[in-house]
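Asks: Sending over a structure as C-alpha cells; questions will come in a sec.
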Amino acid sequence: MNTVTPSPRSVTVRAPAKVNCELRVGPMGSDGFHELSTVFMAVGLFDEVTVTRSDRWSVTTTGPYAAHVPDGDDNLAVRAARLLARHMRVPRAAVSIRIDKVIPVAGGMAGGSADAAAVLVACDHLWGLRMDREELLYLAAELGSDVPFCLAGGIAIGSGRGERLAPVLARGTYHWVFALSSEGLSTPSVFAEFDRQTAGSRIPQPEPSPAMMTALRSGDPEALGDALINDLQEPALSLRPGLRAVLDAGMEFGALGGIVSGSGPTVAFLTGSSEHALDLCVALTASGVVDQVTRAKGPVHGAQVLAGPSRD
Ligand code: ATP
C-alpha cells in the first residue's frame, strides 16, 4: 500500500551557543582574515527557531535581545534559508522564521550562527530535502565561520577561519557560568584591536595546545580551567576595560578558570559542579560588577529538530 507523507507546515529546531575554550589567532592571510585554531564547546544556551511555510519571506524575533536582531534580509537566519532554497532549487520556498532568542547578541557566543544552523536543519526538514551532513556543513561554512560548529555541536577543533572542524577526544560534562554584558562587542572591531596590539610582531602559526587536549581527554575541569586561553581577550579587555573586574571577581569567588568568550564581551567561568556554578552565579550577582549572569552545561548537541513537524 502506498502511504503519502504529508509535508510539514512548520518545523522547530534549537541550536546551541558556543564557548571557545581555546582561541589562537594566527597571521593574516592574503584574504584579509586571520588563520585561527580554536577549540569550540557547545553549551546549553539555546535559540529556538521555527520555520513556517508562507507566501512571503519574513523574520521575527522574541525574547530580551529582540531589539538588537535585524528583521530583514540581513538576518543570518533569512540568509541561511534563502541560500538553501537557491542551492536546492526549492520552488515556492518562502518561509516565515520565528527566533526565540536566548543567546546574547554580539556576545561572542555565536548567536547569529546558531540561528543560521537552526534554519538549515529546519528547512531541510520542512522541504523534505534529506541532505547529507557534509553538504549541510558546506552550506553552513558559506554563511559564516561559526555556523558549521553550531550544526555539529559537542567539542571540536576549528581551523581555517574556524569553519574546518575536526573531532576532539573528550570526556566529562563541564559547568559554566556566563557573565553577560548588556551591550555587545563587534567581532571586526576586536580583530582590528588585535591587529593594532600585534603590529610589528611575528605571529606564530596557530595550533591546538597539548595542555588543552590533555585536559579534555582527562575530563578534569581543573585542568581545563588552567588551560583556557584566548588571544582575543586582551583586545576585548582594551575595548571594554570593565571586563577585567568581572574576570577578577569570578576568579576571586572560586572559578576554576575564566576567559572572555570569543570576541567578547561575555565572560565564561568554569566551575567544578552544578552547585559550584550556582554559588558563583549568586556571588557574581551580589558583587554588582556584572550586568547579568547565567549558567549552562557543555558539551551539548548541535542544531536539532525539537518539535515534531506540524502537518497540514
Ligand atoms: P561570534 O561569536 O560568532 O563572533 P557573536 O555571538 O559575537 O558572534 P552575533 O550574536 O552572531 O555575534 O551577532 C553579530 C551581529 O550579527 C549582530 O550585531 C547582528 O546585527 C547581526 N545578526 C544577523 N542575524 C542575526 C541573528 N539571527 N541573531 C543575532 N544577530 C544577528
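In the C-alpha cells, chains take the letters A, B, ... in the order shown, each chain's residues start at 1, and ligands count up from 1 in the order shown.
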Hey, what's within 8 Å of Gly44 of chain A if we count only C-alpha atoms and toss same-chain stuff fewer than 4 positions away? As a PyMOL selection string, please?

Replies: chain A and resi 16-17+296-300

Asks: Counting only C-alpha atoms and all ligand atoms, which protein, DNA or RNA residues come within 7 Å of ligand 1, given as a ChimeraX atom specification?

Replies: /A:68-70,74-77,104-113,115-116,146,185-187,262-264

Asks: Quick one: everything within 6 Å of Ala117 of chain A, counting only C-alpha atoms, minus sequence neighbours fewer than 3 positions away in the same chain. Send it as a list in words.

Replies: Ala114, Leu120, Val147, Cys150 and Leu151 of chain A

Asks: Okay, now the selection with C-alpha atoms, as a compact mmCIF listing (two decimals), in the first residue's frame?

Replies:
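The result, stored in selection22.txt:
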```txt
# COMPACT_ATOMS: atom_id res chain seq x y z
CA ALA A 114 23.24 29.26 15.86
CA LEU A 120 19.42 24.95 7.68
CA VAL A 147 27.90 28.08 11.56
CA CYS A 150 26.62 25.23 15.61
CA LEU A 151 25.38 22.42 13.33
```

Asks: So which residues touch Leu126 of chain A within 10 Å, counting only C-alpha atoms, skipping near sequence neighbours fewer than 5 positions away, as an MDAnalysis selection string?

Replies: chainID A and resid 7:12 51:53 93 95 119:121 309:311

Asks: Just list the residues in segment 36-219 of chain A DSSP gives helix (DSSP H, G or I) on the backbone, as a PyMOL selection string.

Replies: chain A and resi 66-68+76-87+111-126+133-143+147-152+187-198+210-218

Asks: Output as a Markdown table one row per residue of segment 103-179 of chain A within 10 Å of segment 218-222 of chain A: the closest atom pair and its distance in Å to one decimal place, counting only C-alpha atoms, sorted by chain and residue number ascending.

Replies:
```
| residue | atom | partner | partner_atom | distance |
| --- | --- | --- | --- | --- |
| A:Leu169 | CA | A:Ser218 | CA | 9.3 |
| A:Ala170 | CA | A:Gly219 | CA | 6.6 |
| A:Arg171 | CA | A:Gly219 | CA | 4.8 |
| A:Gly172 | CA | A:Gly219 | CA | 4.6 |
| A:Thr173 | CA | A:Gly219 | CA | 7.5 |
| A:Tyr174 | CA | A:Pro221 | CA | 6.7 |
| A:His175 | CA | A:Pro221 | CA | 8.6 |
```

Asks: Go ahead and write the residues just picked, N, CA, C and O atoms, as a CSV table (one decimal), in the first residue's frame.

Replies:
```
chain,number,residue,atom,x,y,z
A,169,LEU,N,38.9,14.2,21.2
A,169,LEU,CA,38.7,13.1,22.1
A,169,LEU,C,38.5,13.8,23.5
A,169,LEU,O,39.4,14.4,24.0
A,170,ALA,N,37.2,13.7,24.0
A,170,ALA,CA,36.9,14.5,25.2
A,170,ALA,C,36.0,13.6,26.0
A,170,ALA,O,35.2,12.9,25.5
A,171,ARG,N,36.1,13.8,27.3
A,171,ARG,CA,35.1,13.2,28.2
A,171,ARG,C,34.6,14.2,29.3
A,171,ARG,O,35.3,15.2,29.5
A,172,GLY,N,33.5,13.9,29.9
A,172,GLY,CA,33.1,14.7,31.0
A,172,GLY,C,32.0,15.8,30.6
A,172,GLY,O,31.8,16.0,29.4
A,173,THR,N,31.4,16.3,31.6
A,173,THR,CA,30.4,17.4,31.5
A,173,THR,C,31.0,18.6,32.3
A,173,THR,O,31.5,18.4,33.4
A,174,TYR,N,30.9,19.8,31.7
A,174,TYR,CA,31.5,20.9,32.3
A,174,TYR,C,30.4,21.9,32.7
A,174,TYR,O,29.5,22.1,31.9
A,175,HIS,N,30.6,22.6,33.8
A,175,HIS,CA,29.6,23.5,34.3
A,175,HIS,C,30.1,24.9,34.2
A,175,HIS,O,31.1,25.3,34.8
```

Asks: Please provide the set of residues having any atom within 12 Å of segment 238-250 of chain A, restricted to only C-alpha atoms, with same-chain residues fewer than 6 positions apart removed, written as a tab-separated table (two decimals) with C-alpha atoms, in the first residue's frame.

Replies:
```tsv
chain	number	residue	atom	x	y	z
A	176	TRP	CA	29.93	27.05	33.05
A	177	VAL	CA	28.83	30.41	34.38
A	178	PHE	CA	28.46	33.25	31.89
A	179	ALA	CA	28.69	36.91	32.85
A	180	LEU	CA	26.68	38.71	30.18
A	181	SER	CA	27.01	42.35	29.19
A	183	GLU	CA	25.94	45.88	25.26
A	184	GLY	CA	27.64	43.68	22.63
A	185	LEU	CA	31.10	43.97	21.06
A	186	SER	CA	31.60	43.85	17.31
A	187	THR	CA	33.85	40.97	16.21
A	189	SER	CA	36.46	45.80	15.92
A	190	VAL	CA	38.04	43.25	18.30
A	191	PHE	CA	40.16	41.82	15.46
A	192	ALA	CA	41.13	45.38	14.46
A	193	GLU	CA	42.30	45.97	18.04
A	194	PHE	CA	44.22	42.66	17.90
A	196	ARG	CA	46.81	47.21	16.45
A	197	GLN	CA	48.26	45.44	19.50
A	232	LEU	CA	41.26	37.98	21.60
A	256	LEU	CA	38.46	27.10	38.16
A	257	GLY	CA	39.21	29.32	35.18
A	258	GLY	CA	37.84	32.40	33.47
A	259	ILE	CA	38.04	33.64	29.90
A	260	VAL	CA	36.46	36.15	27.55
A	261	SER	CA	34.26	34.10	25.20
A	263	SER	CA	35.44	38.21	20.75
A	264	GLY	CA	33.52	39.04	23.95
A	265	PRO	CA	32.08	40.73	25.85
A	266	THR	CA	30.63	37.60	27.55
A	267	VAL	CA	32.99	36.24	30.21
A	268	ALA	CA	32.88	32.47	30.74
A	269	PHE	CA	33.85	30.87	34.05
A	270	LEU	CA	34.43	27.17	34.55
A	271	THR	CA	33.28	25.58	37.81
A	276	HIS	CA	29.56	25.39	42.44
A	277	ALA	CA	28.12	27.10	39.34
A	279	ASP	CA	27.19	29.59	44.12
A	280	LEU	CA	29.30	31.52	41.62
A	281	CYS	CA	26.16	32.95	39.96
A	282	VAL	CA	24.92	34.19	43.34
A	283	ALA	CA	28.31	35.68	44.27
A	284	LEU	CA	28.75	37.44	40.91
A	285	THR	CA	25.22	38.84	41.02
A	286	ALA	CA	25.80	40.16	44.55
A	287	SER	CA	29.16	41.69	43.54
A	288	GLY	CA	27.43	44.26	41.35
A	289	VAL	CA	30.20	44.13	38.68
A	290	VAL	CA	28.12	42.02	36.29
A	291	ASP	CA	25.07	43.07	34.23
A	292	GLN	CA	23.53	39.59	34.14
A	293	VAL	CA	24.59	36.04	34.97
```

Asks: Please report as CSV every residue of segment 37-72 of chain A lying within 10 Å of segment 207-214 of chain A, along with the nearest atom pair and their distance in Å (one decimal), using only C-alpha atoms.

Replies:
```
residue,atom,partner,partner_atom,distance
A:Ser37,CA,A:Glu207,CA,5.3
A:Thr38,CA,A:Pro208,CA,6.9
A:Val39,CA,A:Pro208,CA,7.4
```

Asks: Residues at most 12 Å from Met28 of chain A, counting only C-alpha atoms, excluding those fewer than 5 positions away in the same chain, as a list in words?

Replies: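 The filter keeps Phe33, His34, Glu35, Leu36, Gly160, Arg161, Phe191, Ala192, Phe194, Asp195, Thr198, Ala199, Arg202, Ile203, Pro204, Gln205 and Pro206 of chain A.
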
Asks: Identify which of the residues A:Ser273, A:Leu237, A:Met41, A:Met88 lies closest to Gly128 of chain A, counting only C-alpha atoms when measuring atom-to-atom distances.

Replies: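 Residue with the minimum atom-to-atom distance to Gly128 of chain A: A:Met88.
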
Asks: Which neighbours of Asp231 of chain A fall inside 7 Å, counting only C-alpha atoms, when residues of the same chain fewer than 6 positions from it are skipped, and could you give them as a list in words?

Replies: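 Those residues are Leu23, Arg24 and Val25 of chain A.
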
Asks: Using only C-alpha atoms, pick whichever of A:Ala66, A:Leu143, A:Leu306, A:Cys21 has the shortest atom-to-atom distance to Leu216 of chain A.

Replies: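 Of A:Ala66, A:Leu143, A:Leu306, A:Cys21, the one nearest Leu216 of chain A is A:Cys21, counting only C-alpha atoms.
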